[in-house]
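Text of start-v4.tsv (TSV, C-alpha atoms) as supplied:
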chain	number	residue	atom	x	y	z
N	4	MET	CA	14.23	-19.75	16.90
N	5	ARG	CA	14.87	-22.04	13.93
N	6	ILE	CA	13.89	-20.99	10.42
N	7	ALA	CA	13.40	-23.15	7.39
N	8	VAL	CA	13.62	-21.23	4.14
N	9	LEU	CA	13.05	-22.83	0.77
N	10	VAL	CA	14.19	-20.64	-2.10
N	11	ALA	CA	12.28	-21.47	-5.28
N	12	ALA	CA	14.14	-21.80	-8.56
N	13	ALA	CA	11.95	-19.17	-10.10
N	14	LEU	CA	11.98	-16.41	-7.54
N	15	LEU	CA	8.53	-15.09	-8.30
N	16	LEU	CA	5.24	-16.87	-7.76
N	17	VAL	CA	2.02	-16.09	-9.59
N	18	GLY	CA	-0.49	-15.03	-6.98
N	19	CYS	CA	-0.47	-15.18	-3.21
N	20	GLN	CA	-0.94	-18.33	-1.16
N	21	LEU	CA	-2.12	-17.88	2.40
N	22	PRO	CA	-0.04	-19.14	5.35
N	23	GLU	CA	-0.80	-22.56	6.81
N	24	ARG	CA	-0.45	-23.77	10.39
N	25	SER	CA	1.05	-27.24	10.71
N	26	VAL	CA	0.20	-29.84	13.34
N	27	ASP	CA	3.21	-28.83	15.44
N	28	GLY	CA	1.96	-25.24	15.62
N	29	ALA	CA	4.50	-23.76	13.19
N	30	VAL	CA	3.22	-21.26	10.60
N	31	ARG	CA	4.36	-21.81	7.02
N	32	VAL	CA	4.38	-18.58	4.99
N	33	PRO	CA	4.68	-19.00	1.21
N	34	HIS	CA	6.03	-15.96	-0.59
N	35	ALA	CA	7.72	-14.74	-3.76
N	36	GLN	CA	11.10	-16.22	-2.83
N	37	GLY	CA	10.02	-19.54	-1.41
N	38	GLU	CA	8.67	-20.24	2.05
N	39	THR	CA	9.41	-19.20	5.62
N	40	VAL	CA	8.52	-21.35	8.62
N	41	LEU	CA	7.83	-19.51	11.87
N	42	GLU	CA	8.02	-21.91	14.80
N	43	ARG	CA	7.18	-19.37	17.50
N	44	THR	CA	5.10	-16.22	17.71
N	45	PRO	CA	7.28	-13.20	16.82
N	46	VAL	CA	7.50	-10.34	19.30
N	47	ARG	CA	10.18	-8.04	17.90
N	48	VAL	CA	9.16	-7.17	14.34
N	49	VAL	CA	11.25	-5.11	11.93
N	50	ALA	CA	9.32	-3.72	8.94
N	51	LEU	CA	11.36	-2.75	5.92
N	52	GLY	CA	8.63	-1.07	3.91
N	53	ALA	CA	5.68	1.24	4.54
N	54	GLN	CA	3.01	-1.33	3.69
N	55	TRP	CA	4.40	-3.88	6.14
N	56	SER	CA	4.79	-1.15	8.79
N	57	ASP	CA	1.11	-0.25	8.44
N	58	ALA	CA	0.05	-3.91	8.57
N	59	ALA	CA	1.93	-4.32	11.86
N	60	LEU	CA	0.52	-1.10	13.32
N	61	ALA	CA	-3.02	-2.05	12.26
N	62	LEU	CA	-2.60	-5.30	14.20
N	63	GLY	CA	-1.36	-3.46	17.28
N	64	VAL	CA	2.27	-4.52	16.95
N	65	PRO	CA	4.44	-1.40	16.49
N	66	PRO	CA	7.65	-2.46	14.73
N	67	VAL	CA	10.81	-2.18	16.80
N	68	GLY	CA	12.40	-0.79	13.64
N	69	GLN	CA	11.13	0.57	10.35
N	70	LEU	CA	12.49	2.48	7.38
N	71	THR	CA	12.78	6.24	7.74
N	72	ASP	CA	11.36	8.42	5.01
N	73	VAL	CA	14.12	10.10	3.02
N	74	ALA	CA	12.27	13.41	3.20
N	75	GLY	CA	11.75	13.01	6.95
N	76	THR	CA	7.96	13.05	6.65
N	77	VAL	CA	5.60	10.85	8.68
N	78	ALA	CA	2.33	9.68	7.15
N	79	PRO	CA	-0.62	11.23	9.01
N	80	TRP	CA	-2.29	7.82	9.40
N	81	ARG	CA	0.79	6.45	11.18
N	82	SER	CA	0.39	8.43	14.40
N	83	SER	CA	0.71	5.27	16.53
N	84	ALA	CA	4.23	4.49	15.30
N	85	GLY	CA	5.52	5.00	18.87
N	86	SER	CA	9.21	4.86	19.60
N	87	SER	CA	10.16	2.66	16.66
N	88	THR	CA	13.84	2.91	15.69
N	89	GLY	CA	14.41	4.46	12.30
N	90	ILE	CA	16.36	2.43	9.74
N	91	ASP	CA	18.16	4.52	7.12
N	92	PRO	CA	17.56	3.00	3.64
N	93	ALA	CA	20.61	4.88	2.32
N	94	LYS	CA	22.93	2.89	4.62
N	95	PRO	CA	23.68	-0.86	4.68
N	96	LEU	CA	20.64	-2.54	6.20
N	97	GLY	CA	22.20	-5.65	7.73
N	98	GLN	CA	23.93	-4.13	10.77
N	99	GLN	CA	21.06	-1.72	11.48
N	100	VAL	CA	18.57	-4.57	11.51
N	101	LYS	CA	20.80	-6.93	13.49
N	102	GLU	CA	21.18	-4.42	16.33
N	103	LEU	CA	17.41	-4.48	16.82
N	104	ARG	CA	17.43	-8.23	17.61
N	105	PRO	CA	14.28	-9.00	15.58
N	106	ASP	CA	12.52	-12.34	15.56
N	107	LEU	CA	10.66	-11.45	12.34
N	108	ILE	CA	11.73	-9.26	9.43
N	109	LEU	CA	9.18	-8.03	6.88
N	110	LEU	CA	10.83	-7.07	3.61
N	111	GLU	CA	9.03	-5.13	0.93
N	112	GLY	CA	9.17	-5.02	-2.86
N	113	ALA	CA	12.02	-2.79	-4.01
N	114	LEU	CA	14.32	-3.90	-1.17
N	115	GLY	CA	13.55	-7.56	-1.60
N	116	SER	CA	16.32	-8.67	-3.94
N	117	PRO	CA	17.45	-12.30	-3.48
N	118	SER	CA	20.74	-11.13	-1.95
N	119	THR	CA	19.03	-8.80	0.56
N	120	TYR	CA	16.50	-11.50	1.38
N	121	LEU	CA	19.23	-14.03	2.09
N	122	GLU	CA	21.13	-11.47	4.21
N	123	MET	CA	18.01	-10.85	6.29
N	124	THR	CA	17.33	-14.57	6.76
N	125	SER	CA	20.78	-14.87	8.35
N	126	ILE	CA	19.54	-12.47	11.05
N	127	ALA	CA	15.97	-13.67	11.63
N	128	PRO	CA	13.02	-15.31	9.86
N	129	THR	CA	12.14	-13.07	6.93
N	130	VAL	CA	8.98	-12.63	4.89
N	131	PRO	CA	9.52	-10.64	1.65
N	132	ALA	CA	6.95	-9.70	-1.02
N	133	LEU	CA	4.19	-12.32	-1.03
N	134	ASP	CA	3.84	-12.62	-4.78
N	135	ALA	CA	4.92	-11.18	-8.12
N	136	ALA	CA	2.65	-8.11	-7.96
N	137	PRO	CA	4.66	-4.85	-8.19
N	138	VAL	CA	2.67	-3.44	-5.24
N	139	GLY	CA	1.76	-5.55	-2.22
N	140	ARG	CA	-1.91	-6.36	-1.64
N	141	TRP	CA	-2.63	-4.98	1.79
N	142	ARG	CA	-5.32	-7.53	2.68
N	143	ASP	CA	-2.91	-10.40	1.98
N	144	GLN	CA	-0.22	-8.68	4.05
N	145	VAL	CA	-2.56	-8.24	7.03
N	146	ARG	CA	-3.74	-11.86	6.81
N	147	THR	CA	-0.17	-13.12	6.52
N	148	LEU	CA	1.07	-11.12	9.49
N	149	GLY	CA	-2.04	-12.06	11.47
N	150	ALA	CA	-1.24	-15.74	10.87
N	151	ALA	CA	2.40	-15.19	11.87
N	152	LEU	CA	1.26	-13.52	15.10
N	153	ARG	CA	-1.26	-16.33	15.72
N	154	GLU	CA	-4.02	-13.72	15.56
N	155	PRO	CA	-5.95	-14.62	12.37
N	156	ASP	CA	-9.29	-13.43	13.78
N	157	GLU	CA	-7.85	-10.01	14.60
N	158	ALA	CA	-6.45	-9.76	11.06
N	159	ASP	CA	-9.86	-10.64	9.61
N	160	GLU	CA	-11.48	-7.94	11.75
N	161	VAL	CA	-8.96	-5.28	10.62
N	162	ILE	CA	-9.83	-6.07	7.01
N	163	ALA	CA	-13.56	-6.30	7.69
N	164	ALA	CA	-13.57	-2.90	9.45
N	165	VAL	CA	-12.06	-1.21	6.38
N	166	ASP	CA	-14.37	-3.07	4.02
N	167	ARG	CA	-17.46	-2.11	6.04
N	168	ARG	CA	-16.58	1.56	5.63
N	169	LEU	CA	-16.02	1.11	1.91
N	170	ASP	CA	-19.33	-0.71	1.56
N	171	ARG	CA	-21.17	2.11	3.34
N	172	PHE	CA	-19.77	4.63	0.88
N	173	ALA	CA	-20.60	2.38	-2.06
N	174	ALA	CA	-24.20	2.28	-0.85
N	175	GLY	CA	-24.23	6.08	-0.57
N	176	GLY	CA	-24.76	6.84	-4.23
N	177	VAL	CA	-21.28	6.84	-5.80
N	178	ARG	CA	-21.66	3.46	-7.48
N	179	GLY	CA	-21.46	3.99	-11.24
N	180	ARG	CA	-19.95	7.49	-10.93
N	181	THR	CA	-16.74	8.16	-12.85
N	182	VAL	CA	-13.33	8.83	-11.33
N	183	ALA	CA	-9.98	9.97	-12.71
N	184	VAL	CA	-6.76	9.52	-10.72
N	185	ALA	CA	-3.56	11.24	-11.83
N	186	TRP	CA	-0.37	12.65	-10.44
N	187	LEU	CA	1.82	15.53	-11.48
N	188	ALA	CA	5.15	13.81	-12.04
N	189	GLY	CA	6.93	16.94	-13.22
N	190	PRO	CA	6.25	20.48	-14.35
N	191	GLY	CA	4.82	19.37	-17.69
N	192	GLN	CA	3.63	15.80	-17.27
N	193	LEU	CA	0.68	13.98	-15.76
N	194	ILE	CA	0.56	10.24	-15.15
N	195	VAL	CA	-2.97	8.86	-15.30
N	196	SER	CA	-3.94	5.45	-13.95
N	197	VAL	CA	-6.27	3.65	-16.37
N	198	ASP	CA	-6.12	0.07	-15.10
N	199	PRO	CA	-9.16	-0.57	-12.83
N	200	ALA	CA	-7.13	-3.27	-11.05
N	201	ALA	CA	-4.24	-0.90	-10.27
N	202	PRO	CA	-3.60	-0.22	-6.56
N	203	ALA	CA	-4.17	3.53	-7.07
N	204	LEU	CA	-7.72	2.79	-8.26
N	205	GLU	CA	-8.48	-0.02	-5.81
N	206	LEU	CA	-10.35	2.19	-3.36
N	207	PHE	CA	-12.60	3.60	-6.09
N	208	THR	CA	-13.16	0.26	-7.80
N	209	ARG	CA	-14.33	-1.14	-4.46
N	210	LEU	CA	-16.80	1.76	-4.24
N	211	GLY	CA	-18.27	0.71	-7.58
N	212	MET	CA	-16.88	3.70	-9.45
N	213	ARG	CA	-15.53	3.47	-13.00
N	214	LEU	CA	-13.18	5.21	-15.39
N	215	PRO	CA	-14.61	7.68	-17.90
N	216	ASP	CA	-14.90	5.97	-21.31
N	217	ALA	CA	-12.52	8.47	-22.93
N	218	LEU	CA	-9.76	7.73	-20.41
N	219	ALA	CA	-10.30	3.98	-20.53
N	220	ALA	CA	-9.87	4.09	-24.32
N	221	LEU	CA	-6.44	5.77	-24.24
N	222	PRO	CA	-3.46	3.54	-25.19
N	223	ALA	CA	-1.73	2.60	-21.95
N	224	ASP	CA	1.66	1.32	-20.89
N	225	GLN	CA	1.47	-0.97	-17.85
N	226	GLY	CA	-1.89	0.51	-16.93
N	227	ARG	CA	-0.77	4.14	-17.11
N	228	VAL	CA	-1.07	6.96	-19.61
N	229	LEU	CA	1.32	9.90	-19.85
N	230	LEU	CA	-0.39	13.18	-20.65
N	231	PRO	CA	1.21	16.59	-21.15
N	232	VAL	CA	-0.37	19.13	-18.83
N	233	ASP	CA	-1.93	20.95	-21.79
N	234	ARG	CA	-4.28	17.95	-22.04
N	235	LEU	CA	-5.53	18.44	-18.49
N	236	ALA	CA	-9.07	18.92	-19.82
N	237	GLU	CA	-9.19	15.20	-20.67
N	238	LEU	CA	-9.41	14.43	-16.94
N	239	SER	CA	-13.15	14.92	-17.04
N	240	ALA	CA	-14.87	12.81	-14.37
N	241	ASP	CA	-17.42	13.05	-11.58
N	242	VAL	CA	-14.57	12.81	-9.07
N	243	LEU	CA	-11.00	13.87	-9.82
N	244	VAL	CA	-8.03	13.00	-7.61
N	245	ILE	CA	-4.65	14.54	-8.42
N	246	GLY	CA	-1.48	14.27	-6.40
N	247	HIS	CA	1.96	15.71	-6.97
N	248	SER	CA	5.29	13.98	-6.65
N	249	PRO	CA	8.05	15.22	-4.34
N	250	GLY	CA	10.12	17.98	-5.89
N	251	THR	CA	7.52	19.17	-8.40
N	252	GLY	CA	7.22	22.36	-6.40
N	253	SER	CA	3.51	22.92	-7.01
N	254	ASP	CA	0.23	21.09	-7.03
N	255	ALA	CA	-2.28	20.59	-9.82
N	256	ALA	CA	-4.38	23.61	-8.81
N	257	ALA	CA	-1.65	25.82	-10.28
N	258	LEU	CA	-1.95	24.24	-13.74
N	259	PRO	CA	-3.54	26.30	-16.51
N	260	GLY	CA	-7.10	25.14	-17.07
N	261	TYR	CA	-7.53	23.43	-13.71
N	262	GLY	CA	-10.26	25.86	-12.64
N	263	GLU	CA	-12.22	25.03	-15.79
N	264	LEU	CA	-12.50	21.33	-15.00
N	265	GLY	CA	-15.99	20.21	-14.01
N	266	ALA	CA	-14.73	18.54	-10.83
N	267	ALA	CA	-12.91	21.70	-9.78
N	268	LYS	CA	-16.07	23.77	-10.30
N	269	ASN	CA	-18.31	21.23	-8.56
N	270	GLY	CA	-16.10	20.71	-5.52
N	271	THR	CA	-15.46	17.07	-6.42
N	272	ALA	CA	-11.71	17.45	-7.02
N	273	VAL	CA	-9.24	16.30	-4.36
N	274	LEU	CA	-5.59	17.39	-4.30
N	275	LEU	CA	-3.16	15.08	-2.53
N	276	ASP	CA	0.31	15.88	-1.22
N	277	PRO	CA	3.20	13.45	-1.94
N	278	VAL	CA	2.70	11.46	1.29
N	279	GLU	CA	-1.03	11.03	0.64
N	280	LEU	CA	-0.29	10.13	-2.98
N	281	ALA	CA	2.05	7.36	-1.77
N	282	GLY	CA	-0.75	6.06	0.46
N	283	LEU	CA	-3.01	5.85	-2.57
N	284	GLU	CA	-0.43	4.14	-4.79
N	285	TYR	CA	0.62	1.76	-2.01
N	286	PRO	CA	-2.64	1.20	-0.11
N	287	THR	CA	-2.65	-0.17	3.43
N	288	ALA	CA	-5.12	-0.95	6.20
N	289	LEU	CA	-4.32	2.50	7.62
N	290	SER	CA	-3.98	4.66	4.50
N	291	VAL	CA	-7.27	3.53	2.92
N	292	PRO	CA	-9.50	4.75	5.80
N	293	TYR	CA	-7.51	7.99	6.01
N	294	LEU	CA	-7.87	8.68	2.29
N	295	LEU	CA	-11.54	7.76	2.43
N	296	ASN	CA	-12.00	10.57	4.96
N	297	ARG	CA	-10.04	12.93	2.70
N	298	ILE	CA	-12.21	12.27	-0.34
N	299	GLU	CA	-15.51	11.95	1.55
N	300	PRO	CA	-16.74	15.51	0.79
N	301	ALA	CA	-16.05	15.02	-2.93
N	302	LEU	CA	-17.82	11.65	-2.93
N	303	GLN	CA	-20.86	13.10	-1.16
N	304	ARG	CA	-21.10	15.95	-3.67
N	305	ALA	CA	-20.73	13.56	-6.59
N	306	ALA	CA	-23.42	11.28	-5.14
N	307	GLY	CA	-25.79	14.20	-4.66
Show me this structure written as structure tokens.
Amino acid sequence: MRIAVLVAAALLLVGCQLPERSVDGAVRVPHAQGETVLERTPVRVVALGAQWSDAALALGVPPVGQLTDVAGTVAPWRSSAGSSTGIDPAKPLGQQVKELRPDLILLEGALGSPSTYLEMTSIAPTVPALDAAPVGRWRDQVRTLGAALREPDEADEVIAAVDRRLDRFAAGGVRGRTVAVAWLAGPGQLIVSVDPAAPALELFTRLGMRLPDALAALPADQGRVLLPVDRLAELSADVLVIGHSPGTGSDAAALPGYGELGAAKNGTAVLLDPVELAGLEYPTALSVPYLLNRIEPALQRAAG
């Protein structure tokens, strides 16, 4: 398979352009580091990143290789991962990937430096992050991979199926309700997402929910606010979602004052473990439906 890769002078593009199919049947995929031309339909896909892995699984193409989680955990929504070969992110990637004989490599965010990208293109056609966004947009990833697999209709249906579920919940009475999303980053610190466009709030924004005025008014840095845990009471919302980072050793329910929060009393608080928290911060076609099931009881109580 021949690959044509054009590396742009400025390595980041503003926004995502969708793939195009040329008259000769090749698929041209524009991305943050230029463009990749796929002349044939890939069969052996290596996914270097959880979002790309989930996009492939959602489209029924289990990667022949994907990154292993450092903690050895497997996301509960990734039960169909099959016999995919684990790729250790702590070891040099090139040889591990080459041994899998891929015909398409999907390279995510943090791993997608220009040097790594160029190394991967020497092995097989490679699609890195699609645009300059710090977190990939899962709908764009599914559409891009669907185009690469020559299955655009299937990709559209994967997206539509998730959106139909979200729309049903939005129609169920949560529109206009408030939501607060935070994570316990350490024993004494909470990180609160206050940018409605942030990936961690995407699910709730799509449901028509909004930030409490008091949280939205806090001075933010890159869409986040750092709060000491003694200000936990400020997370007052109809629905409260708190996760904890790996290594914190406890969840938010152990924090002083948690039981006094309205959401905790009303049964509209949801506590996420580190894997679930990652699925919220880096949403995918698989993690969004899973998390929707997790928060469904809290949404129903808030709507009622």
Just the residues within 8 Å of Leu230 of chain N, please, counting all atoms listed in the file, with nothing from its chain fewer than 4 positions along; format it as a PyMOL selection string.
chain N and resi 192-195+234-235
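Of the listed residues (N:Arg167, N:Lys94, N:Arg104, N:Arg213), N:Arg104 comes nearest to Met123 of chain N; the distances count all atoms listed in the file.
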Applying 12 Å and all atoms listed in the file, which residues near Leu121 of chain N remain after dropping the ones on its own chain fewer than 3 positions away? List them as a PyMOL selection string.
chain N and resi 8-10+36-37+39+97+108+110+114-118+124-131
Name the residues within 12 Å of (21.9, -6.0, 17.7), counting all atoms listed in the file in the file's coordinates, and put them as a VMD selection string.
chain N and resid 47 67 to 68 97 to 106 126 to 127
Please save C-alpha atoms of the selected residues as a tab-separated table (two decimals), keeping the file's coordinate frame.
chain	number	residue	atom	x	y	z
N	47	ARG	CA	10.18	-8.04	17.90
N	67	VAL	CA	10.81	-2.18	16.80
N	68	GLY	CA	12.40	-0.79	13.64
N	97	GLY	CA	22.20	-5.65	7.73
N	98	GLN	CA	23.93	-4.13	10.77
N	99	GLN	CA	21.06	-1.72	11.48
N	100	VAL	CA	18.57	-4.57	11.51
N	101	LYS	CA	20.80	-6.93	13.49
N	102	GLU	CA	21.18	-4.42	16.33
N	103	LEU	CA	17.41	-4.48	16.82
N	104	ARG	CA	17.43	-8.23	17.61
N	105	PRO	CA	14.28	-9.00	15.58
N	106	ASP	CA	12.52	-12.34	15.56
N	126	ILE	CA	19.54	-12.47	11.05
N	127	ALA	CA	15.97	-13.67	11.63
Show which residues sit within 10 Å of Leu295 of chain N, as an MDAnalysis selection string. Count all atoms listed in the file, and ignore same-chain residues fewer than 4 positions away.
chainID N and resid 165 168:169 172 206:207 290:291 299:300 302
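You will find atom CA of Ala93 of chain N at 26.7 Å from atom CA of Ala288 of chain N.
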Expressed in Å to a single decimal, how great is the separation between atom CA of Pro249 of chain N and atom CA of Trp186 of chain N?
10.7 Å
Residue neighbourhood Thr44 of chain N, 8 Å, only C-alpha atoms, exclusion window fewer than 3 positions, as a PyMOL selection string:
chain N and resi 41+151-153
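Distance-wise, atom CA of Ala135 of chain N and atom CA of Ala35 of chain N end up 6.3 Å apart.
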Distance query Trp55 of chain N at most 8 Å, only C-alpha atoms, self and fewer than 3 positions along chain excluded, as a ChimeraX atom specification:
/N:50-52,58-59,109-111,144
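Taking all atoms listed in the file into account, Ala183 of chain N lies nearest to N:Leu238 out of the set N:Arg209, N:Leu238, N:Ala163, N:Asp198.
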